[in-house]
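The file entry-v3.cif comes next; it holds mmCIF, C-alpha atoms, pLDDT in the B column; chains and numbers go by the auth columns.
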```cif
data_entry
#
loop_
_atom_site.group_PDB
_atom_site.id
_atom_site.type_symbol
_atom_site.label_atom_id
_atom_site.label_comp_id
_atom_site.label_asym_id
_atom_site.label_seq_id
_atom_site.Cartn_x
_atom_site.Cartn_y
_atom_site.Cartn_z
_atom_site.B_iso_or_equiv
_atom_site.auth_seq_id
_atom_site.auth_asym_id
ATOM 1 C CA ASP A 1 0.000 0.000 0.000 59.00 1 A
ATOM 2 C CA THR A 2 1.529 3.294 -1.112 66.00 2 A
ATOM 3 C CA GLU A 3 -1.411 5.526 -0.399 91.00 3 A
ATOM 4 C CA VAL A 4 -1.259 9.126 0.724 96.00 4 A
ATOM 5 C CA THR A 5 -4.724 10.521 1.395 96.00 5 A
ATOM 6 C CA GLN A 6 -5.508 14.217 1.172 97.00 6 A
ATOM 7 C CA THR A 7 -8.701 15.937 2.252 97.00 7 A
ATOM 8 C CA PRO A 8 -10.605 17.813 1.100 97.00 8 A
ATOM 9 C CA LYS A 9 -10.231 17.304 -2.659 96.00 9 A
ATOM 10 C CA HIS A 10 -11.520 20.805 -3.365 97.00 10 A
ATOM 11 C CA LEU A 11 -11.713 23.890 -1.168 96.00 11 A
ATOM 12 C CA VAL A 12 -13.063 27.353 -1.808 95.00 12 A
ATOM 13 C CA MET A 13 -12.347 30.004 0.796 93.00 13 A
ATOM 14 C CA GLY A 14 -12.535 33.717 1.260 90.00 14 A
ATOM 15 C CA MET A 15 -9.560 35.838 2.150 89.00 15 A
ATOM 16 C CA THR A 16 -10.714 36.166 5.763 88.00 16 A
ATOM 17 C CA ASN A 17 -11.411 32.482 6.331 89.00 17 A
ATOM 18 C CA LYS A 18 -9.366 29.974 8.281 94.00 18 A
ATOM 19 C CA LYS A 19 -9.203 26.476 6.871 95.00 19 A
ATOM 20 C CA SER A 20 -6.974 23.418 7.095 97.00 20 A
ATOM 21 C CA LEU A 21 -5.727 20.838 4.632 98.00 21 A
ATOM 22 C CA LYS A 22 -5.132 17.319 5.874 98.00 22 A
ATOM 23 C CA CYS A 23 -2.750 14.607 4.717 98.00 23 A
ATOM 24 C CA GLU A 24 -2.520 11.051 6.057 97.00 24 A
ATOM 25 C CA GLN A 25 -0.307 8.066 5.373 96.00 25 A
ATOM 26 C CA HIS A 26 -0.153 4.694 7.093 92.00 26 A
ATOM 27 C CA MET A 27 3.008 3.364 5.503 92.00 27 A
ATOM 28 C CA GLY A 28 5.225 4.085 8.500 92.00 28 A
ATOM 29 C CA HIS A 29 6.968 6.876 6.624 93.00 29 A
ATOM 30 C CA ARG A 30 8.922 9.359 8.743 92.00 30 A
ATOM 31 C CA ALA A 31 9.202 12.244 6.301 94.00 31 A
ATOM 32 C CA MET A 32 6.282 14.265 4.953 96.00 32 A
ATOM 33 C CA TYR A 33 6.159 17.119 2.489 97.00 33 A
ATOM 34 C CA TRP A 34 3.899 19.933 1.310 98.00 34 A
ATOM 35 C CA TYR A 35 4.155 21.184 -2.272 98.00 35 A
ATOM 36 C CA LYS A 36 2.328 23.970 -4.089 98.00 36 A
ATOM 37 C CA GLN A 37 1.574 23.557 -7.789 97.00 37 A
ATOM 38 C CA LYS A 38 0.241 26.396 -9.908 97.00 38 A
ATOM 39 C CA ALA A 39 -1.508 25.612 -13.175 94.00 39 A
ATOM 40 C CA LYS A 40 0.806 24.333 -15.918 91.00 40 A
ATOM 41 C CA LYS A 41 3.808 24.545 -13.563 95.00 41 A
ATOM 42 C CA PRO A 42 5.840 21.945 -11.658 96.00 42 A
ATOM 43 C CA PRO A 43 5.343 21.380 -7.942 97.00 43 A
ATOM 44 C CA GLU A 44 7.365 23.619 -5.649 96.00 44 A
ATOM 45 C CA LEU A 45 8.415 22.487 -2.204 96.00 45 A
ATOM 46 C CA MET A 46 6.960 24.398 0.730 97.00 46 A
ATOM 47 C CA PHE A 47 7.741 22.388 3.884 97.00 47 A
ATOM 48 C CA VAL A 48 9.450 19.162 4.954 95.00 48 A
ATOM 49 C CA TYR A 49 8.867 17.340 8.232 95.00 49 A
ATOM 50 C CA SER A 50 11.421 14.749 9.339 93.00 50 A
ATOM 51 C CA TYR A 51 10.499 12.585 12.328 93.00 51 A
ATOM 52 C CA GLU A 52 7.680 15.022 13.127 94.00 52 A
ATOM 53 C CA LYS A 53 10.022 18.014 13.227 94.00 53 A
ATOM 54 C CA LEU A 54 10.063 20.819 10.679 95.00 54 A
ATOM 55 C CA SER A 55 13.306 20.481 8.688 93.00 55 A
ATOM 56 C CA ILE A 56 12.734 22.711 5.678 93.00 56 A
ATOM 57 C CA ASN A 57 10.663 25.859 5.276 94.00 57 A
ATOM 58 C CA GLU A 58 11.173 27.270 1.805 93.00 58 A
ATOM 59 C CA SER A 59 10.497 30.861 2.918 92.00 59 A
ATOM 60 C CA VAL A 60 6.760 30.298 2.860 95.00 60 A
ATOM 61 C CA PRO A 61 4.572 33.231 4.050 95.00 61 A
ATOM 62 C CA SER A 62 3.286 32.896 7.596 95.00 62 A
ATOM 63 C CA ARG A 63 -0.322 32.694 6.387 96.00 63 A
ATOM 64 C CA PHE A 64 0.583 29.046 5.726 97.00 64 A
ATOM 65 C CA SER A 65 1.190 27.169 8.969 97.00 65 A
ATOM 66 C CA PRO A 66 2.187 23.493 8.867 98.00 66 A
ATOM 67 C CA GLU A 67 1.653 21.034 11.676 97.00 67 A
ATOM 68 C CA CYS A 68 2.697 17.410 12.150 96.00 68 A
ATOM 69 C CA PRO A 69 0.767 16.058 15.179 95.00 69 A
ATOM 70 C CA ASN A 70 2.091 12.502 14.709 93.00 70 A
ATOM 71 C CA SER A 71 4.037 10.423 12.236 90.00 71 A
ATOM 72 C CA SER A 72 0.954 9.632 10.127 95.00 72 A
ATOM 73 C CA LEU A 73 -0.666 13.033 9.880 97.00 73 A
ATOM 74 C CA LEU A 74 0.311 16.350 8.312 98.00 74 A
ATOM 75 C CA ASN A 75 -1.828 19.469 8.357 98.00 75 A
ATOM 76 C CA LEU A 76 -1.545 22.782 6.569 98.00 76 A
ATOM 77 C CA HIS A 77 -3.427 25.591 8.294 97.00 77 A
ATOM 78 C CA LEU A 78 -4.493 28.466 6.091 96.00 78 A
ATOM 79 C CA HIS A 79 -5.345 31.981 7.234 94.00 79 A
ATOM 80 C CA ALA A 80 -5.808 35.301 5.427 93.00 80 A
ATOM 81 C CA LEU A 81 -4.852 33.860 2.067 93.00 81 A
ATOM 82 C CA GLN A 82 -4.599 35.874 -1.115 94.00 82 A
ATOM 83 C CA PRO A 83 -6.129 35.026 -4.513 95.00 83 A
ATOM 84 C CA GLU A 84 -2.637 34.230 -5.826 95.00 84 A
ATOM 85 C CA ASP A 85 -2.476 31.381 -3.307 96.00 85 A
ATOM 86 C CA SER A 86 -5.028 29.510 -5.401 97.00 86 A
ATOM 87 C CA ALA A 87 -3.278 26.326 -6.508 97.00 87 A
ATOM 88 C CA LEU A 88 -3.103 22.563 -6.160 97.00 88 A
ATOM 89 C CA TYR A 89 -1.538 21.609 -2.825 98.00 89 A
ATOM 90 C CA LEU A 90 0.180 18.254 -2.878 97.00 90 A
ATOM 91 C CA CYS A 91 1.301 16.190 0.072 97.00 91 A
ATOM 92 C CA ALA A 92 3.973 13.507 -0.165 96.00 92 A
ATOM 93 C CA SER A 93 5.727 11.097 2.164 95.00 93 A
ATOM 94 C CA SER A 94 8.896 9.011 2.102 93.00 94 A
ATOM 95 C CA ARG A 95 10.190 6.242 4.326 90.00 95 A
ATOM 96 C CA ALA A 96 13.111 8.355 5.480 82.00 96 A
ATOM 97 C CA PRO A 97 14.193 11.971 5.028 79.00 97 A
ATOM 98 C CA SER A 98 17.286 10.974 3.079 78.00 98 A
ATOM 99 C CA GLY A 99 19.319 7.975 2.043 74.00 99 A
ATOM 100 C CA THR A 100 18.245 5.213 -0.296 71.00 100 A
ATOM 101 C CA GLU A 101 14.698 5.057 1.091 63.00 101 A
ATOM 102 C CA ASN A 102 13.910 8.277 -0.627 79.00 102 A
ATOM 103 C CA ILE A 103 11.009 7.676 -2.960 90.00 103 A
ATOM 104 C CA GLN A 104 8.319 10.261 -2.395 94.00 104 A
ATOM 105 C CA TYR A 105 4.745 9.041 -2.712 94.00 105 A
ATOM 106 C CA PHE A 106 2.197 11.721 -3.495 96.00 106 A
ATOM 107 C CA GLY A 107 -1.434 12.243 -2.689 95.00 107 A
ATOM 108 C CA ALA A 108 -3.970 13.459 -5.257 94.00 108 A
ATOM 109 C CA GLY A 109 -3.877 16.978 -3.866 96.00 109 A
ATOM 110 C CA THR A 110 -6.321 19.610 -2.693 97.00 110 A
ATOM 111 C CA ARG A 111 -7.453 22.115 -5.292 97.00 111 A
ATOM 112 C CA LEU A 112 -7.693 25.433 -3.437 97.00 112 A
ATOM 113 C CA SER A 113 -9.496 28.504 -4.716 96.00 113 A
ATOM 114 C CA VAL A 114 -9.220 31.775 -2.793 95.00 114 A
ATOM 115 C CA LEU A 115 -11.902 34.327 -3.578 92.00 115 A
ATOM 116 C CA ALA B 1 21.699 25.549 -6.973 77.00 1 B
ATOM 117 C CA GLN B 2 20.539 22.566 -8.943 84.00 2 B
ATOM 118 C CA THR B 3 18.382 23.166 -12.006 93.00 3 B
ATOM 119 C CA VAL B 4 16.414 20.771 -14.193 97.00 4 B
ATOM 120 C CA THR B 5 15.492 21.552 -17.791 97.00 5 B
ATOM 121 C CA GLN B 6 12.916 19.831 -19.952 98.00 6 B
ATOM 122 C CA SER B 7 13.123 21.384 -23.389 96.00 7 B
ATOM 123 C CA GLN B 8 9.992 19.761 -24.867 97.00 8 B
ATOM 124 C CA PRO B 9 6.796 21.379 -23.521 97.00 9 B
ATOM 125 C CA GLU B 10 4.667 18.964 -25.561 97.00 10 B
ATOM 126 C CA MET B 11 5.177 15.649 -27.325 97.00 11 B
ATOM 127 C CA SER B 12 2.847 13.328 -29.143 97.00 12 B
ATOM 128 C CA VAL B 13 3.202 9.739 -30.287 97.00 13 B
ATOM 129 C CA GLN B 14 1.091 7.117 -32.000 97.00 14 B
ATOM 130 C CA GLU B 15 -0.186 4.310 -29.857 97.00 15 B
ATOM 131 C CA ALA B 16 2.261 1.359 -29.795 97.00 16 B
ATOM 132 C CA GLU B 17 5.156 3.554 -30.952 97.00 17 B
ATOM 133 C CA THR B 18 8.210 4.635 -28.947 98.00 18 B
ATOM 134 C CA VAL B 19 8.819 8.127 -27.618 98.00 19 B
ATOM 135 C CA THR B 20 11.739 9.734 -25.805 98.00 20 B
ATOM 136 C CA LEU B 21 11.410 12.647 -23.384 98.00 21 B
ATOM 137 C CA SER B 22 14.491 14.773 -22.718 98.00 22 B
ATOM 138 C CA CYS B 23 15.838 16.105 -19.447 98.00 23 B
ATOM 139 C CA THR B 24 19.082 17.838 -18.551 98.00 24 B
ATOM 140 C CA TYR B 25 20.221 19.016 -15.162 97.00 25 B
ATOM 141 C CA ASP B 26 22.954 21.041 -13.603 95.00 26 B
ATOM 142 C CA THR B 27 24.719 20.077 -10.390 93.00 27 B
ATOM 143 C CA SER B 28 28.110 20.062 -8.717 91.00 28 B
ATOM 144 C CA GLU B 29 27.284 17.013 -6.615 88.00 29 B
ATOM 145 C CA SER B 30 28.766 13.624 -7.461 83.00 30 B
ATOM 146 C CA ASP B 31 26.136 11.412 -5.830 84.00 31 B
ATOM 147 C CA TYR B 32 22.455 12.079 -6.359 89.00 32 B
ATOM 148 C CA TYR B 33 19.159 10.601 -7.510 93.00 33 B
ATOM 149 C CA LEU B 34 17.054 11.384 -10.540 95.00 34 B
ATOM 150 C CA PHE B 35 13.389 10.599 -11.039 96.00 35 B
ATOM 151 C CA TRP B 36 10.676 10.674 -13.638 98.00 36 B
ATOM 152 C CA TYR B 37 7.163 11.272 -12.348 97.00 37 B
ATOM 153 C CA LYS B 38 3.950 11.325 -14.358 97.00 38 B
ATOM 154 C CA GLN B 39 0.912 13.412 -13.495 97.00 39 B
ATOM 155 C CA PRO B 40 -2.288 12.349 -15.276 94.00 40 B
ATOM 156 C CA PRO B 41 -5.467 14.440 -15.161 88.00 41 B
ATOM 157 C CA SER B 42 -6.270 12.779 -11.831 83.00 42 B
ATOM 158 C CA ARG B 43 -3.499 15.090 -10.480 88.00 43 B
ATOM 159 C CA GLN B 44 -1.622 12.490 -8.472 91.00 44 B
ATOM 160 C CA MET B 45 2.115 12.413 -9.103 94.00 45 B
ATOM 161 C CA ILE B 46 3.137 8.831 -9.836 95.00 46 B
ATOM 162 C CA LEU B 47 6.740 7.630 -9.800 95.00 47 B
ATOM 163 C CA VAL B 48 7.729 6.152 -13.154 97.00 48 B
ATOM 164 C CA ILE B 49 11.407 5.367 -12.676 96.00 49 B
ATOM 165 C CA ARG B 50 14.419 6.208 -10.492 95.00 50 B
ATOM 166 C CA GLN B 51 18.142 6.373 -11.253 94.00 51 B
ATOM 167 C CA GLU B 52 20.997 6.506 -8.769 91.00 52 B
ATOM 168 C CA ALA B 53 23.906 8.518 -10.108 90.00 53 B
ATOM 169 C CA TYR B 54 26.588 6.109 -8.881 89.00 54 B
ATOM 170 C CA LYS B 55 25.036 3.282 -10.889 87.00 55 B
ATOM 171 C CA GLN B 56 26.219 3.209 -14.476 84.00 56 B
ATOM 172 C CA GLN B 57 23.508 0.810 -15.571 91.00 57 B
ATOM 173 C CA ASN B 58 20.411 2.511 -16.899 94.00 58 B
ATOM 174 C CA ALA B 59 17.237 1.865 -14.930 94.00 59 B
ATOM 175 C CA THR B 60 14.332 0.039 -16.563 94.00 60 B
ATOM 176 C CA GLU B 61 10.753 -0.583 -15.438 94.00 61 B
ATOM 177 C CA ASN B 62 8.772 -2.667 -17.918 95.00 62 B
ATOM 178 C CA ARG B 63 8.101 -0.377 -20.929 97.00 63 B
ATOM 179 C CA PHE B 64 9.970 2.538 -19.363 98.00 64 B
ATOM 180 C CA SER B 65 13.722 2.983 -19.506 97.00 65 B
ATOM 181 C CA VAL B 66 16.186 5.810 -19.096 97.00 66 B
ATOM 182 C CA ASN B 67 19.326 6.875 -20.895 97.00 67 B
ATOM 183 C CA PHE B 68 21.504 8.317 -18.134 96.00 68 B
ATOM 184 C CA GLN B 69 24.574 10.180 -19.329 95.00 69 B
ATOM 185 C CA LYS B 70 26.297 11.433 -16.176 93.00 70 B
ATOM 186 C CA ALA B 71 29.060 13.383 -17.888 93.00 71 B
ATOM 187 C CA ALA B 72 26.572 15.136 -20.140 95.00 72 B
ATOM 188 C CA LYS B 73 24.115 15.571 -17.239 95.00 73 B
ATOM 189 C CA SER B 74 21.359 14.105 -19.324 96.00 74 B
ATOM 190 C CA PHE B 75 18.517 11.837 -18.172 97.00 75 B
ATOM 191 C CA SER B 76 16.032 10.969 -20.910 98.00 76 B
ATOM 192 C CA LEU B 77 12.990 8.713 -20.573 98.00 77 B
ATOM 193 C CA LYS B 78 12.045 6.220 -23.267 98.00 78 B
ATOM 194 C CA ILE B 79 8.523 4.840 -23.367 98.00 79 B
ATOM 195 C CA SER B 80 8.132 1.774 -25.573 98.00 80 B
ATOM 196 C CA ASP B 81 4.846 0.435 -26.944 97.00 81 B
ATOM 197 C CA SER B 82 3.006 3.608 -25.900 98.00 82 B
ATOM 198 C CA GLN B 83 -0.453 3.101 -24.469 97.00 83 B
ATOM 199 C CA LEU B 84 -3.375 5.487 -24.124 96.00 84 B
ATOM 200 C CA GLY B 85 -2.924 5.369 -20.357 95.00 85 B
ATOM 201 C CA ASP B 86 0.550 6.872 -20.724 97.00 86 B
ATOM 202 C CA ALA B 87 -0.957 10.239 -21.623 97.00 87 B
ATOM 203 C CA ALA B 88 0.059 12.636 -18.855 97.00 88 B
ATOM 204 C CA MET B 89 2.393 15.423 -17.862 98.00 89 B
ATOM 205 C CA TYR B 90 5.868 14.002 -17.233 98.00 90 B
ATOM 206 C CA PHE B 91 8.236 15.690 -14.805 98.00 91 B
ATOM 207 C CA CYS B 92 11.939 15.034 -14.466 98.00 92 B
ATOM 208 C CA ALA B 93 13.198 15.617 -10.920 97.00 93 B
ATOM 209 C CA TYR B 94 16.550 15.896 -9.161 96.00 94 B
ATOM 210 C CA ARG B 95 16.922 15.059 -5.496 93.00 95 B
ATOM 211 C CA THR B 96 19.110 17.274 -3.361 87.00 96 B
ATOM 212 C CA LEU B 97 19.607 17.330 0.406 86.00 97 B
ATOM 213 C CA ILE B 98 19.059 20.376 2.595 84.00 98 B
ATOM 214 C CA GLN B 99 19.782 20.076 6.316 82.00 99 B
ATOM 215 C CA GLY B 100 19.549 16.309 6.068 82.00 100 B
ATOM 216 C CA ALA B 101 16.163 16.309 4.348 87.00 101 B
ATOM 217 C CA GLN B 102 15.494 15.700 0.695 90.00 102 B
ATOM 218 C CA LYS B 103 14.175 18.247 -1.719 91.00 103 B
ATOM 219 C CA LEU B 104 12.951 17.430 -5.211 94.00 104 B
ATOM 220 C CA VAL B 105 13.682 20.004 -7.906 95.00 105 B
ATOM 221 C CA PHE B 106 11.367 19.512 -10.862 97.00 106 B
ATOM 222 C CA GLY B 107 11.706 20.447 -14.497 97.00 107 B
ATOM 223 C CA GLN B 108 8.906 22.373 -16.225 97.00 108 B
ATOM 224 C CA GLY B 109 7.309 19.204 -17.522 97.00 109 B
ATOM 225 C CA THR B 110 6.466 17.638 -20.881 98.00 110 B
ATOM 226 C CA ARG B 111 2.859 16.998 -21.797 97.00 111 B
ATOM 227 C CA LEU B 112 2.624 13.683 -23.623 98.00 112 B
ATOM 228 C CA THR B 113 -0.315 12.943 -25.915 97.00 113 B
ATOM 229 C CA ILE B 114 -0.968 9.438 -27.235 97.00 114 B
ATOM 230 C CA ASN B 115 -2.767 9.297 -30.578 96.00 115 B
ATOM 231 C CA PRO B 116 -4.932 6.200 -31.154 93.00 116 B
#
```

Structure encoded using structure tokens:
Amino acid sequence: DTEVTQTPKHLVMGMTNKKSLKCEQHMGHRAMYWYKQKAKKPPELMFVYSYEKLSINESVPSRFSPECPNSSLLNLHLHALQPEDSALYLCASSRAPSGTENIQYFGAGTRLSVL
Amino acid sequence: AQTVTQSQPEMSVQEAETVTLSCTYDTSESDYYLFWYKQPPSRQMILVIRQEAYKQQNATENRFSVNFQKAAKSFSLKISDSQLGDAAMYFCAYRTLIQGAQKLVFGQGTRLTINP
């Protein structure tokens, strides 16, 4: 089983709303990732969690707040977003943060629209 | 910083034919990993094939194979016997490490169309 589950599949929110994206995996992976993908562009890394600790923050604005409550769950809390934040948000996980066990498995993403 | 370049925004091929997607990268590292992912309309990124730079032998996975030229920093993907289900956006990716954690750097992608 190489499944990464993301909810919701679609989300529409206003600029004053607070919402959260959720990502789950039950593969025992210890690294989890958030990517942002604009239309017709490649994914861009936002955050990496290694063993439930934030290892990489790619200078993401503070209106995006990641959280890793346990090794299976990754959240992305959204607050005061801008219309340009509309994108596909992809979650991924890998068995380890580095080394040979480095294949990243992706979820199907959350399509976010900010009005 | 590492960069990945895919020079073919779009490619098309007849069903059952062979197609090759190009990818070049720039790095000063000697040991690294390269990947090809596909992203169909369902949006999920699916790993197609992986190559470890220290291995000279080209990776193969059923109908998919790579031509890895380390000195030329080239990593092309060959799809044999193309099938309608191969239609997708294909991304070449380079893995680098930052503070002990991996980061994938993606190329701009090649949209592959399969003509019946």

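Applying the 10 Å criterion to (-5.4, 16.7, -12.5) in file coordinates and using only C-alpha atoms, one obtains the residues Ala39, Leu88, Ala108, Gly109 and Arg111 of chain A; Gln39, Pro40, Pro41, Ser42, Arg43, Gln44, Met45, Ala88 and Met89 of chain B.
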
For the selection you just gave me, I'd like the residues written to a file as a PDB file, in the coordinates of the input, keeping C-alpha atoms.
```pdb
ATOM      1  CA  ALA A  39      -1.508  25.612 -13.175  1.00 94.00           C
ATOM      2  CA  LEU A  88      -3.103  22.563  -6.160  1.00 97.00           C
ATOM      3  CA  ALA A 108      -3.970  13.459  -5.257  1.00 94.00           C
ATOM      4  CA  GLY A 109      -3.877  16.978  -3.866  1.00 96.00           C
ATOM      5  CA  ARG A 111      -7.453  22.115  -5.292  1.00 97.00           C
TER       6      ARG A 111
ATOM      7  CA  GLN B  39       0.912  13.412 -13.495  1.00 97.00           C
ATOM      8  CA  PRO B  40      -2.288  12.349 -15.276  1.00 94.00           C
ATOM      9  CA  PRO B  41      -5.467  14.440 -15.161  1.00 88.00           C
ATOM     10  CA  SER B  42      -6.270  12.779 -11.831  1.00 83.00           C
ATOM     11  CA  ARG B  43      -3.499  15.090 -10.480  1.00 88.00           C
ATOM     12  CA  GLN B  44      -1.622  12.490  -8.472  1.00 91.00           C
ATOM     13  CA  MET B  45       2.115  12.413  -9.103  1.00 94.00           C
ATOM     14  CA  ALA B  88       0.059  12.636 -18.855  1.00 97.00           C
ATOM     15  CA  MET B  89       2.393  15.423 -17.862  1.00 98.00           C
TER      16      MET B  89
END
```

Counting only C-alpha atoms, which residues from chain B have an atom at most 8 Å from any atom of chain A, and could you show them as a PDB file with C-alpha atoms, in the coordinates of the input?
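Saved as part-v6.pdb:
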```
ATOM      1  CA  SER B  42      -6.270  12.779 -11.831  1.00 83.00           C
ATOM      2  CA  ARG B  43      -3.499  15.090 -10.480  1.00 88.00           C
ATOM      3  CA  GLN B  44      -1.622  12.490  -8.472  1.00 91.00           C
ATOM      4  CA  MET B  45       2.115  12.413  -9.103  1.00 94.00           C
ATOM      5  CA  ILE B  46       3.137   8.831  -9.836  1.00 95.00           C
ATOM      6  CA  LEU B  47       6.740   7.630  -9.800  1.00 95.00           C
ATOM      7  CA  PHE B  91       8.236  15.690 -14.805  1.00 98.00           C
ATOM      8  CA  LEU B  97      19.607  17.330   0.406  1.00 86.00           C
ATOM      9  CA  ILE B  98      19.059  20.376   2.595  1.00 84.00           C
ATOM     10  CA  GLN B  99      19.782  20.076   6.316  1.00 82.00           C
ATOM     11  CA  GLY B 100      19.549  16.309   6.068  1.00 82.00           C
ATOM     12  CA  ALA B 101      16.163  16.309   4.348  1.00 87.00           C
ATOM     13  CA  GLN B 102      15.494  15.700   0.695  1.00 90.00           C
ATOM     14  CA  LYS B 103      14.175  18.247  -1.719  1.00 91.00           C
ATOM     15  CA  LEU B 104      12.951  17.430  -5.211  1.00 94.00           C
ATOM     16  CA  VAL B 105      13.682  20.004  -7.906  1.00 95.00           C
ATOM     17  CA  PHE B 106      11.367  19.512 -10.862  1.00 97.00           C
ATOM     18  CA  GLY B 107      11.706  20.447 -14.497  1.00 97.00           C
ATOM     19  CA  GLN B 108       8.906  22.373 -16.225  1.00 97.00           C
ATOM     20  CA  GLY B 109       7.309  19.204 -17.522  1.00 97.00           C
TER      21      GLY B 109
END
```

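CA of Cys23 (chain A) lies 23.3 Å from CA of Leu115 (chain A).
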
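You can rank B:Lys73, B:Arg111, B:Arg63, B:Lys78 by their closest distance to Tyr32 (chain B) using all atoms listed in the file, and at the top of that list sits B:Lys73.
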
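Pairwise distance (CA of Tyr90 (chain B), CA of Glu3 (chain A)) equals 20.2 Å.
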
Next on the checklist: On this structure, the PyMOL selection byres ((chain B and resi 4) around 8) would catch which residues? List them as JSON, numbers by chain, sorted by chain and number.
Outcome noted: {"B": [2, 3, 5, 6, 23, 24, 25, 26, 92, 93, 94, 105, 106, 107, 108]}

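Residue nearest Pro116 (chain B) within the list B:Phe64, B:Lys55, B:Ser74, B:Glu15: B:Glu15 [criterion: smallest interatomic distance, only C-alpha atoms].
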
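For the residues A:Gln37, A:Gln82, A:Gln25, A:Ser20, ranking by smallest atom-to-atom distance to Ser65 (chain A) using only C-alpha atoms places A:Ser20 first.
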
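CA of Val13 (chain B) lies 7.5 Å from CA of Ser82 (chain B).
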
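When all atoms listed in the file are used to measure the gap to Ser72 (chain A), the shortest distance among A:Gly14, A:Leu21, A:Thr7, A:Arg30 belongs to A:Arg30.
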
Next on the checklist: I want to know what sits within 9 Å of Ile49 (chain B), based on all atoms listed in the file, with residues of the same chain fewer than 5 positions away left out; could you give that as a ChimeraX atom specification?
Outcome noted: /B:34-37,59-61,64-66,77

Next on the checklist: For Phe68 (chain B), find every residue with an atom within 8 Å (counting all atoms listed in the file), except residues of its own chain fewer than 5 positions away, and show them as a PyMOL selection string.
Outcome noted: chain B and resi 51+56+58+73-76

Just-selected residues, C-alpha atoms written as a PDB file, in the coordinates of the input:
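Wrote again-v2.pdb, looks like this:
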```pdb
ATOM      1  CA  GLN B  51      18.142   6.373 -11.253  1.00 94.00           C
ATOM      2  CA  GLN B  56      26.219   3.209 -14.476  1.00 84.00           C
ATOM      3  CA  ASN B  58      20.411   2.511 -16.899  1.00 94.00           C
ATOM      4  CA  LYS B  73      24.115  15.571 -17.239  1.00 95.00           C
ATOM      5  CA  SER B  74      21.359  14.105 -19.324  1.00 96.00           C
ATOM      6  CA  PHE B  75      18.517  11.837 -18.172  1.00 97.00           C
ATOM      7  CA  SER B  76      16.032  10.969 -20.910  1.00 98.00           C
TER       8      SER B  76
END
```

Next on the checklist: Expand the PyMOL selection byres ((chain A and resi 73) around 9) into the explicit residue set it covers here, and present it as a ChimeraX atom specification.
Outcome noted: /A:22-26,32,67-72,74-75

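Considering all atoms listed in the file, the residue among A:Leu81, A:Lys36, A:Thr5, A:Pro66 positioned nearest to Lys18 (chain A) is A:Leu81.
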
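The point (-0.2, 8.7, -22.2) has these residues within 6 Å of it, counting only C-alpha atoms: Leu84, Gly85, Asp86, Ala87, Ala88, Leu112, Thr113 and Ile114 of chain B.
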
Next on the checklist: Translate the PyMOL selection byres ((chain B and resi 16) around 8) into a concrete residue list for this structure, as a PyMOL selection string.
Outcome noted: chain B and resi 14-15+17-18+80-83
